[in-house]
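See below for run.tsv, which holds TSV, C-alpha atoms and all ligand atoms.
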chain	number	residue	atom	x	y	z
A	1	MET	CA	0.82	-1.42	-2.43
A	2	ILE	CA	-1.25	0.65	-4.80
A	3	LYS	CA	-4.79	-0.17	-3.68
A	4	PRO	CA	-7.69	-1.32	-5.89
A	5	GLU	CA	-9.53	2.00	-6.31
A	6	ALA	CA	-6.34	3.82	-7.35
A	7	VAL	CA	-5.56	1.12	-9.93
A	8	ALA	CA	-9.19	1.21	-11.18
A	9	ALA	CA	-9.04	5.01	-11.50
A	10	GLY	CA	-6.00	4.73	-13.78
A	11	ASN	CA	-3.55	6.20	-11.28
A	12	MET	CA	-1.02	3.34	-11.13
A	13	GLY	CA	1.51	5.04	-13.41
A	14	LYS	CA	1.22	8.47	-11.77
A	15	ILE	CA	1.68	7.00	-8.31
A	16	LEU	CA	4.70	4.91	-9.39
A	17	ASN	CA	6.18	8.05	-10.97
A	18	MET	CA	5.77	10.01	-7.74
A	19	ILE	CA	7.48	7.21	-5.82
A	20	ILE	CA	10.40	6.93	-8.26
A	21	ASP	CA	10.74	10.72	-8.55
A	22	ASN	CA	11.06	10.83	-4.75
A	23	GLY	CA	14.15	8.66	-4.91
A	24	TYR	CA	12.81	5.19	-4.15
A	25	LYS	CA	14.52	2.31	-5.91
A	26	VAL	CA	12.10	-0.39	-7.06
A	27	ILE	CA	13.45	-3.72	-5.76
A	28	ALA	CA	10.37	-5.76	-6.77
A	29	LEU	CA	7.10	-5.02	-8.61
A	30	LYS	CA	3.95	-7.07	-9.28
A	31	TYR	CA	0.40	-6.55	-10.65
A	32	THR	CA	-1.83	-9.03	-8.87
A	33	ARG	CA	-5.08	-9.53	-6.97
A	34	LEU	CA	-5.55	-10.68	-3.39
A	35	SER	CA	-8.17	-13.29	-2.50
A	36	ARG	CA	-10.30	-12.43	0.56
A	37	GLN	CA	-8.26	-14.95	2.51
A	38	GLU	CA	-4.96	-13.36	1.43
A	39	ALA	CA	-6.23	-9.84	2.18
A	40	GLY	CA	-7.37	-11.08	5.60
A	41	SER	CA	-3.96	-12.49	6.43
A	42	PHE	CA	-2.11	-9.44	5.07
A	43	TYR	CA	-4.16	-7.20	7.40
A	44	ALA	CA	-4.40	-9.71	10.29
A	45	VAL	CA	-2.99	-7.08	12.71
A	46	HIS	CA	-6.27	-5.18	12.25
A	47	LYS	CA	-8.63	-8.11	12.78
A	48	GLU	CA	-10.07	-6.72	16.02
A	49	ARG	CA	-10.78	-3.30	14.46
A	50	PRO	CA	-14.37	-2.49	13.45
A	51	PHE	CA	-13.41	-1.82	9.82
A	52	TYR	CA	-11.58	-5.14	9.29
A	53	GLY	CA	-14.33	-6.83	7.22
A	54	GLU	CA	-14.76	-3.75	5.04
A	55	LEU	CA	-10.98	-3.49	4.61
A	56	VAL	CA	-10.63	-7.14	3.55
A	57	ASP	CA	-13.53	-6.89	1.05
A	58	TYR	CA	-12.08	-3.70	-0.42
A	59	MET	CA	-8.50	-4.98	-0.72
A	60	ALA	CA	-9.77	-8.09	-2.53
A	61	SER	CA	-12.12	-6.10	-4.81
A	62	GLY	CA	-9.69	-5.69	-7.72
A	63	PRO	CA	-6.09	-5.86	-8.82
A	64	ILE	CA	-3.37	-4.07	-6.87
A	65	VAL	CA	0.27	-3.22	-7.48
A	66	ALA	CA	2.73	-4.56	-4.91
A	67	ALA	CA	6.26	-3.23	-4.63
A	68	ILE	CA	9.33	-3.43	-2.47
A	69	LEU	CA	11.03	-0.04	-2.30
A	70	GLU	CA	14.48	0.91	-1.06
A	71	LYS	CA	15.78	4.24	0.19
A	72	ASP	CA	17.56	5.51	3.32
A	73	ASN	CA	14.99	5.74	6.10
A	74	ALA	CA	12.43	4.28	3.67
A	75	VAL	CA	9.66	3.33	6.11
A	76	LEU	CA	9.32	6.76	7.72
A	77	GLY	CA	10.09	8.62	4.52
A	78	PHE	CA	7.45	6.68	2.59
A	79	ARG	CA	4.83	7.39	5.24
A	80	ASP	CA	5.61	11.10	4.77
A	81	LEU	CA	5.25	10.72	1.00
A	82	ILE	CA	1.89	8.92	1.25
A	83	GLY	CA	0.41	11.18	3.93
A	84	ALA	CA	-2.12	10.59	6.69
A	85	THR	CA	-4.53	7.62	6.59
A	86	ASP	CA	-7.47	10.01	6.13
A	87	PRO	CA	-6.91	12.09	2.97
A	88	ALA	CA	-8.76	14.97	4.62
A	89	GLN	CA	-5.83	15.13	7.07
A	90	ALA	CA	-3.09	14.44	4.48
A	91	ALA	CA	-0.61	17.22	3.68
A	92	GLU	CA	-0.44	18.92	0.28
A	93	GLY	CA	1.83	17.10	-2.14
A	94	THR	CA	1.26	13.66	-0.61
A	95	ILE	CA	0.02	10.68	-2.62
A	96	ARG	CA	-3.11	10.30	-0.50
A	97	LYS	CA	-3.95	14.01	-0.75
A	98	ARG	CA	-3.77	13.73	-4.52
A	99	PHE	CA	-5.29	10.30	-5.15
A	100	ALA	CA	-7.17	8.91	-2.11
A	101	GLU	CA	-10.99	8.78	-2.22
A	102	SER	CA	-11.61	8.33	1.51
A	103	LYS	CA	-10.10	7.09	4.76
A	104	ALA	CA	-10.89	3.52	3.69
A	105	LYS	CA	-10.07	3.86	-0.03
A	106	ASN	CA	-6.83	5.70	0.48
A	107	ALA	CA	-4.84	4.78	-2.66
A	108	VAL	CA	-1.72	3.28	-1.11
A	109	HIS	CA	-0.38	1.11	1.68
A	110	GLY	CA	3.01	1.63	3.30
A	111	SER	CA	4.71	-0.66	5.79
A	112	ASP	CA	4.87	0.69	9.34
A	113	SER	CA	8.26	-0.78	10.38
A	114	ASP	CA	11.34	-2.44	8.87
A	115	GLU	CA	10.19	-5.72	10.41
A	116	ASN	CA	6.75	-5.52	8.79
A	117	ALA	CA	8.29	-4.37	5.50
A	118	ALA	CA	10.32	-7.60	5.42
A	119	ILE	CA	7.24	-9.71	6.25
A	120	GLU	CA	5.07	-7.92	3.68
A	121	GLY	CA	7.78	-8.13	1.01
A	122	ALA	CA	8.08	-11.87	1.54
A	123	PHE	CA	4.25	-12.15	1.32
A	124	PHE	CA	4.33	-11.00	-2.33
A	125	PHE	CA	7.78	-11.84	-3.70
A	126	SER	CA	10.15	-14.77	-3.92
A	127	GLY	CA	13.88	-14.13	-3.66
A	128	ARG	CA	14.32	-14.31	-7.44
A	129	GLU	CA	11.71	-11.55	-7.93
A	130	GLN	CA	13.74	-9.09	-5.82
A	131	PHE	CA	16.51	-7.07	-7.52
B	201	LIG	P1	-2.31	3.25	7.40
B	201	LIG	O1	-2.66	2.57	6.09
B	201	LIG	O2	-2.19	4.74	7.25
B	201	LIG	O3	-1.12	2.63	8.08
B	201	LIG	P2	-3.95	1.85	9.38
B	201	LIG	O4	-2.82	0.87	9.49
B	201	LIG	O5	-4.47	2.46	10.63
B	201	LIG	O6	-3.57	3.05	8.38
B	201	LIG	O7	-5.19	1.15	8.67
B	201	LIG	C1	-5.00	0.26	7.59
B	201	LIG	C2	-6.00	0.57	6.50
B	201	LIG	O8	-7.32	0.31	7.00
B	201	LIG	C3	-6.05	2.04	6.06
B	201	LIG	O9	-5.06	2.37	5.12
B	201	LIG	C4	-7.45	2.13	5.47
B	201	LIG	O10	-7.51	1.55	4.15
B	201	LIG	C5	-8.24	1.24	6.42
B	201	LIG	N1	-8.85	2.03	7.51
B	201	LIG	C6	-8.21	2.61	8.56
B	201	LIG	N2	-9.08	3.26	9.37
B	201	LIG	C7	-10.31	3.07	8.82
B	201	LIG	C8	-11.63	3.47	9.18
B	201	LIG	N3	-11.86	4.18	10.29
B	201	LIG	N4	-12.65	3.09	8.38
B	201	LIG	C9	-12.43	2.33	7.28
B	201	LIG	N5	-11.22	1.91	6.86
B	201	LIG	C10	-10.16	2.27	7.62
B	202	MG	MG	-0.83	0.72	8.89

For this file, write the structure as structure tokens.
Amino acid sequence: MIKPEAVAAGNMGKILNMIIDNGYKVIALKYTRLSRQEAGSFYAVHKERPFYGELVDYMASGPIVAAILEKDNAVLGFRDLIGATDPAQAAEGTIRKRFAESKAKNAVHGSDSDENAAIEGAFFFSGREQF
């Protein structure tokens, strides 16, 4: 996902370019907005964390770009491309180093396992929207 503040800042195209230039095939793509309820269920694994309410409000605050990406070793490779959660800790050349505003508003989401990637893909896309 490209998160609301990165879309609002006009960085959707640059971020998609970085992803495609790094060899990811776009299987599905959508410009949409999460309701608070949808954002809450997307991030349900974090519901006990102190920042959950803030995270849900933020993720519902404006449109996002959702994508399913394919590449060998995509989950781990994509986490390397996006960089650490906190942009202050993110390596040079990563998406978060370049575009994130803060640890909360950190430009992009990446799935943390193949299992969650399948769940999150199905959250946004029907079978006929996946190529
Ligand atoms: P990641 O997105 O790198 O996998 P997490 O899964 O730990 O990070 O957290 C999910 C999202 O919650 C982060 O991307 C960020 O938007 C937000 N978040 C994480 N930690 C904090 C924090 N301490 N304060 C505010 N928001 C946070
Ligand atoms: Mg995570």

Given all atoms listed in the file as the counted atoms, nearest of A:Phe125, A:Phe51, A:Phe131, A:Phe42 to Ala66 (chain A):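 Going through A:Phe125, A:Phe51, A:Phe131, A:Phe42 one by one, the smallest distance to Ala66 (chain A) is for A:Phe125.
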
Could you produce a table of the residues of chain A lying within 6 Å of ligand LIG 201 (chain B), with the nearest pair of atoms per residue and their separation in Å rounded to one decimal, using all atoms listed in the file, ordered by chain and increasing residue number, as JSON lines?
{"residue": "A:Phe51", "atom": "CA", "partner": "B:LIG201", "partner_atom": "C9", "distance": 5.0}
{"residue": "A:Leu55", "atom": "CA", "partner": "B:LIG201", "partner_atom": "C5", "distance": 5.8}
{"residue": "A:Ala84", "atom": "CA", "partner": "B:LIG201", "partner_atom": "O2", "distance": 5.9}
{"residue": "A:Thr85", "atom": "CA", "partner": "B:LIG201", "partner_atom": "O2", "distance": 3.8}
{"residue": "A:Lys103", "atom": "CA", "partner": "B:LIG201", "partner_atom": "C10", "distance": 5.6}
{"residue": "A:Ala104", "atom": "CA", "partner": "B:LIG201", "partner_atom": "N5", "distance": 3.6}
{"residue": "A:Lys105", "atom": "CA", "partner": "B:LIG201", "partner_atom": "O10", "distance": 5.4}
{"residue": "A:Asn106", "atom": "CA", "partner": "B:LIG201", "partner_atom": "O10", "distance": 5.6}
{"residue": "A:His109", "atom": "CA", "partner": "B:LIG201", "partner_atom": "O1", "distance": 5.2}

Can you tell me which residues come within 7 Å of ligand MG 202 (chain B) when counting only C-alpha atoms and all ligand atoms, ideally as a VMD selection string? chain A and resid 110 to 112

Calculate how many Å separate CA of Asn17 (chain A) from CA of Glu70 (chain A), rounding to one decimal. 14.8 Å

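Residue neighbourhood of Ser102 (chain A), excluding near-sequence residues (fewer than 3 positions): Thr85, Asp86, Pro87, Ala88, Arg96, Lys97, Phe99, Lys105, Asn106 and Ala107 of chain A, at 10 Å, using only C-alpha atoms.
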
How would the residues just picked look written out with C-alpha atoms as a CSV table (one decimal), keeping the file's coordinate frame?
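The resulting file, again.csv, is reproduced below:
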chain,number,residue,atom,x,y,z
A,85,THR,CA,-4.5,7.6,6.6
A,86,ASP,CA,-7.5,10.0,6.1
A,87,PRO,CA,-6.9,12.1,3.0
A,88,ALA,CA,-8.8,15.0,4.6
A,96,ARG,CA,-3.1,10.3,-0.5
A,97,LYS,CA,-4.0,14.0,-0.8
A,99,PHE,CA,-5.3,10.3,-5.2
A,105,LYS,CA,-10.1,3.9,0.0
A,106,ASN,CA,-6.8,5.7,0.5
A,107,ALA,CA,-4.8,4.8,-2.7

If you count all atoms listed in the file, which residues fall within 7 Å of Lys3 (chain A), apart from same-chain ones fewer than 3 positions away, as a PDB file with C-alpha atoms, in the coordinates of the input?
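Full text of selection.pdb as output:
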ATOM      1  CA  ALA A   6      -6.340   3.820  -7.350  1.00  0.00           C
ATOM      2  CA  VAL A   7      -5.560   1.120  -9.930  1.00  0.00           C
ATOM      3  CA  MET A  59      -8.500  -4.980  -0.720  1.00  0.00           C
ATOM      4  CA  ILE A  64      -3.370  -4.070  -6.870  1.00  0.00           C
ATOM      5  CA  ALA A 107      -4.840   4.780  -2.660  1.00  0.00           C
ATOM      6  CA  VAL A 108      -1.720   3.280  -1.110  1.00  0.00           C
TER       7      VAL A 108
END

In Å, how far is it from CA of Leu76 (chain A) to CA of Lys30 (chain A)?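 Going from CA of Leu76 (chain A) over to CA of Lys30 (chain A), I get 22.6 Å.
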
Work out how far CA of Asp80 (chain A) is from CA of Ser126 (chain A), in Å to one decimal.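 About the pair CA of Ser126 (chain A) and CA of Asp80 (chain A): they are 27.7 Å apart.
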
Calculated over all atoms listed in the file, which of the candidates A:Met12, A:Ile95, A:Ala118, A:Val56 has the smallest distance to Phe78 (chain A)? A:Ile95

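Considering the residues A:Ile119, A:Val26, A:Met1, A:Leu16 and counting only C-alpha atoms, Lys71 (chain A) has its shortest atom-to-atom contact with A:Val26.
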
Quick one: residues within 6 Å of (-9.4, -7.5, 5.3) (file frame), counting only C-alpha atoms, please, as a PyMOL selection string. chain A and resi 39-40+43+52-53+55-57

Selection to disk with C-alpha atoms, as a PDB file, keeping the file's coordinate frame:
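New file again-v4.pdb:
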ATOM      1  CA  ALA A  39      -6.230  -9.840   2.180  1.00  0.00           C
ATOM      2  CA  GLY A  40      -7.370 -11.080   5.600  1.00  0.00           C
ATOM      3  CA  TYR A  43      -4.160  -7.200   7.400  1.00  0.00           C
ATOM      4  CA  TYR A  52     -11.580  -5.140   9.290  1.00  0.00           C
ATOM      5  CA  GLY A  53     -14.330  -6.830   7.220  1.00  0.00           C
ATOM      6  CA  LEU A  55     -10.980  -3.490   4.610  1.00  0.00           C
ATOM      7  CA  VAL A  56     -10.630  -7.140   3.550  1.00  0.00           C
ATOM      8  CA  ASP A  57     -13.530  -6.890   1.050  1.00  0.00           C
TER       9      ASP A  57
END

Padded axis-aligned box of region 104-120 of chain A (4 Å per side), centre and edge lengths, Å, one decimal, as AutoDock Vina command-line options:
--center_x 0.2 --center_y -2.0 --center_z 3.9 --size_x 30.2 --size_y 23.4 --size_z 21.1

Please return region 98-119 of chain A, rebuilt to N, CA, C and O atoms, as a PDB file, in the coordinates of the input.
ATOM      1  N   ARG A  98      -3.498  13.617  -3.087  1.00  0.00           N
ATOM      2  CA  ARG A  98      -3.770  13.730  -4.520  1.00  0.00           C
ATOM      3  C   ARG A  98      -4.721  12.649  -5.021  1.00  0.00           C
ATOM      4  O   ARG A  98      -5.567  12.913  -5.886  1.00  0.00           O
ATOM      5  N   PHE A  99      -4.586  11.425  -4.504  1.00  0.00           N
ATOM      6  CA  PHE A  99      -5.290  10.300  -5.150  1.00  0.00           C
ATOM      7  C   PHE A  99      -6.308   9.567  -4.286  1.00  0.00           C
ATOM      8  O   PHE A  99      -7.117   8.815  -4.826  1.00  0.00           O
ATOM      9  N   ALA A 100      -6.267   9.714  -2.945  1.00  0.00           N
ATOM     10  CA  ALA A 100      -7.170   8.910  -2.110  1.00  0.00           C
ATOM     11  C   ALA A 100      -8.611   9.398  -2.234  1.00  0.00           C
ATOM     12  O   ALA A 100      -8.869  10.600  -2.340  1.00  0.00           O
ATOM     13  N   GLU A 101      -9.552   8.452  -2.186  1.00  0.00           N
ATOM     14  CA  GLU A 101     -10.990   8.780  -2.220  1.00  0.00           C
ATOM     15  C   GLU A 101     -11.535   9.028  -0.829  1.00  0.00           C
ATOM     16  O   GLU A 101     -12.473   9.806  -0.651  1.00  0.00           O
ATOM     17  N   SER A 102     -11.036   8.293   0.162  1.00  0.00           N
ATOM     18  CA  SER A 102     -11.610   8.330   1.510  1.00  0.00           C
ATOM     19  C   SER A 102     -10.614   7.700   2.478  1.00  0.00           C
ATOM     20  O   SER A 102      -9.584   7.178   2.056  1.00  0.00           O
ATOM     21  N   LYS A 103     -10.959   7.713   3.756  1.00  0.00           N
ATOM     22  CA  LYS A 103     -10.100   7.090   4.760  1.00  0.00           C
ATOM     23  C   LYS A 103      -9.936   5.594   4.494  1.00  0.00           C
ATOM     24  O   LYS A 103      -8.883   5.025   4.762  1.00  0.00           O
ATOM     25  N   ALA A 104     -10.981   4.948   3.989  1.00  0.00           N
ATOM     26  CA  ALA A 104     -10.890   3.520   3.690  1.00  0.00           C
ATOM     27  C   ALA A 104     -10.170   3.311   2.348  1.00  0.00           C
ATOM     28  O   ALA A 104      -9.218   2.533   2.260  1.00  0.00           O
ATOM     29  N   LYS A 105     -10.638   4.007   1.322  1.00  0.00           N
ATOM     30  CA  LYS A 105     -10.070   3.860  -0.030  1.00  0.00           C
ATOM     31  C   LYS A 105      -9.001   4.928  -0.209  1.00  0.00           C
ATOM     32  O   LYS A 105      -9.242   5.976  -0.840  1.00  0.00           O
ATOM     33  N   ASN A 106      -7.840   4.652   0.372  1.00  0.00           N
ATOM     34  CA  ASN A 106      -6.830   5.700   0.480  1.00  0.00           C
ATOM     35  C   ASN A 106      -5.589   5.467  -0.388  1.00  0.00           C
ATOM     36  O   ASN A 106      -4.492   5.903  -0.055  1.00  0.00           O
ATOM     37  N   ALA A 107      -5.795   4.808  -1.515  1.00  0.00           N
ATOM     38  CA  ALA A 107      -4.840   4.780  -2.660  1.00  0.00           C
ATOM     39  C   ALA A 107      -3.595   3.931  -2.470  1.00  0.00           C
ATOM     40  O   ALA A 107      -3.183   3.254  -3.414  1.00  0.00           O
ATOM     41  N   VAL A 108      -2.992   4.002  -1.294  1.00  0.00           N
ATOM     42  CA  VAL A 108      -1.720   3.280  -1.110  1.00  0.00           C
ATOM     43  C   VAL A 108      -1.593   2.721   0.305  1.00  0.00           C
ATOM     44  O   VAL A 108      -2.181   3.245   1.256  1.00  0.00           O
ATOM     45  N   HIS A 109      -0.797   1.665   0.385  1.00  0.00           N
ATOM     46  CA  HIS A 109      -0.380   1.110   1.680  1.00  0.00           C
ATOM     47  C   HIS A 109       1.119   1.298   1.811  1.00  0.00           C
ATOM     48  O   HIS A 109       1.852   1.124   0.837  1.00  0.00           O
ATOM     49  N   GLY A 110       1.580   1.623   3.005  1.00  0.00           N
ATOM     50  CA  GLY A 110       3.010   1.630   3.300  1.00  0.00           C
ATOM     51  C   GLY A 110       3.268   0.861   4.578  1.00  0.00           C
ATOM     52  O   GLY A 110       2.498   0.959   5.536  1.00  0.00           O
ATOM     53  N   SER A 111       4.356   0.104   4.600  1.00  0.00           N
ATOM     54  CA  SER A 111       4.710  -0.660   5.790  1.00  0.00           C
ATOM     55  C   SER A 111       4.984   0.283   6.957  1.00  0.00           C
ATOM     56  O   SER A 111       5.458   1.400   6.759  1.00  0.00           O
ATOM     57  N   ASP A 112       4.709  -0.187   8.184  1.00  0.00           N
ATOM     58  CA  ASP A 112       4.870   0.690   9.340  1.00  0.00           C
ATOM     59  C   ASP A 112       6.152   0.439  10.136  1.00  0.00           C
ATOM     60  O   ASP A 112       6.397   1.101  11.137  1.00  0.00           O
ATOM     61  N   SER A 113       6.975  -0.528   9.710  1.00  0.00           N
ATOM     62  CA  SER A 113       8.260  -0.780  10.380  1.00  0.00           C
ATOM     63  C   SER A 113       9.139  -1.597   9.432  1.00  0.00           C
ATOM     64  O   SER A 113       8.627  -2.229   8.494  1.00  0.00           O
ATOM     65  N   ASP A 114      10.435  -1.614   9.690  1.00  0.00           N
ATOM     66  CA  ASP A 114      11.340  -2.440   8.870  1.00  0.00           C
ATOM     67  C   ASP A 114      10.950  -3.908   8.990  1.00  0.00           C
ATOM     68  O   ASP A 114      10.990  -4.648   8.002  1.00  0.00           O
ATOM     69  N   GLU A 115      10.569  -4.321  10.192  1.00  0.00           N
ATOM     70  CA  GLU A 115      10.190  -5.720  10.410  1.00  0.00           C
ATOM     71  C   GLU A 115       8.962  -6.081   9.565  1.00  0.00           C
ATOM     72  O   GLU A 115       8.948  -7.105   8.872  1.00  0.00           O
ATOM     73  N   ASN A 116       7.936  -5.227   9.598  1.00  0.00           N
ATOM     74  CA  ASN A 116       6.750  -5.520   8.790  1.00  0.00           C
ATOM     75  C   ASN A 116       7.023  -5.382   7.299  1.00  0.00           C
ATOM     76  O   ASN A 116       6.420  -6.105   6.490  1.00  0.00           O
ATOM     77  N   ALA A 117       7.923  -4.488   6.913  1.00  0.00           N
ATOM     78  CA  ALA A 117       8.290  -4.370   5.500  1.00  0.00           C
ATOM     79  C   ALA A 117       8.887  -5.687   4.997  1.00  0.00           C
ATOM     80  O   ALA A 117       8.580  -6.137   3.878  1.00  0.00           O
ATOM     81  N   ALA A 118       9.718  -6.320   5.818  1.00  0.00           N
ATOM     82  CA  ALA A 118      10.320  -7.600   5.420  1.00  0.00           C
ATOM     83  C   ALA A 118       9.247  -8.685   5.312  1.00  0.00           C
ATOM     84  O   ALA A 118       9.221  -9.471   4.350  1.00  0.00           O
ATOM     85  N   ILE A 119       8.322  -8.710   6.278  1.00  0.00           N
ATOM     86  CA  ILE A 119       7.240  -9.710   6.250  1.00  0.00           C
ATOM     87  C   ILE A 119       6.348  -9.481   5.028  1.00  0.00           C
ATOM     88  O   ILE A 119       6.001 -10.418   4.299  1.00  0.00           O
TER      89      ILE A 119
END
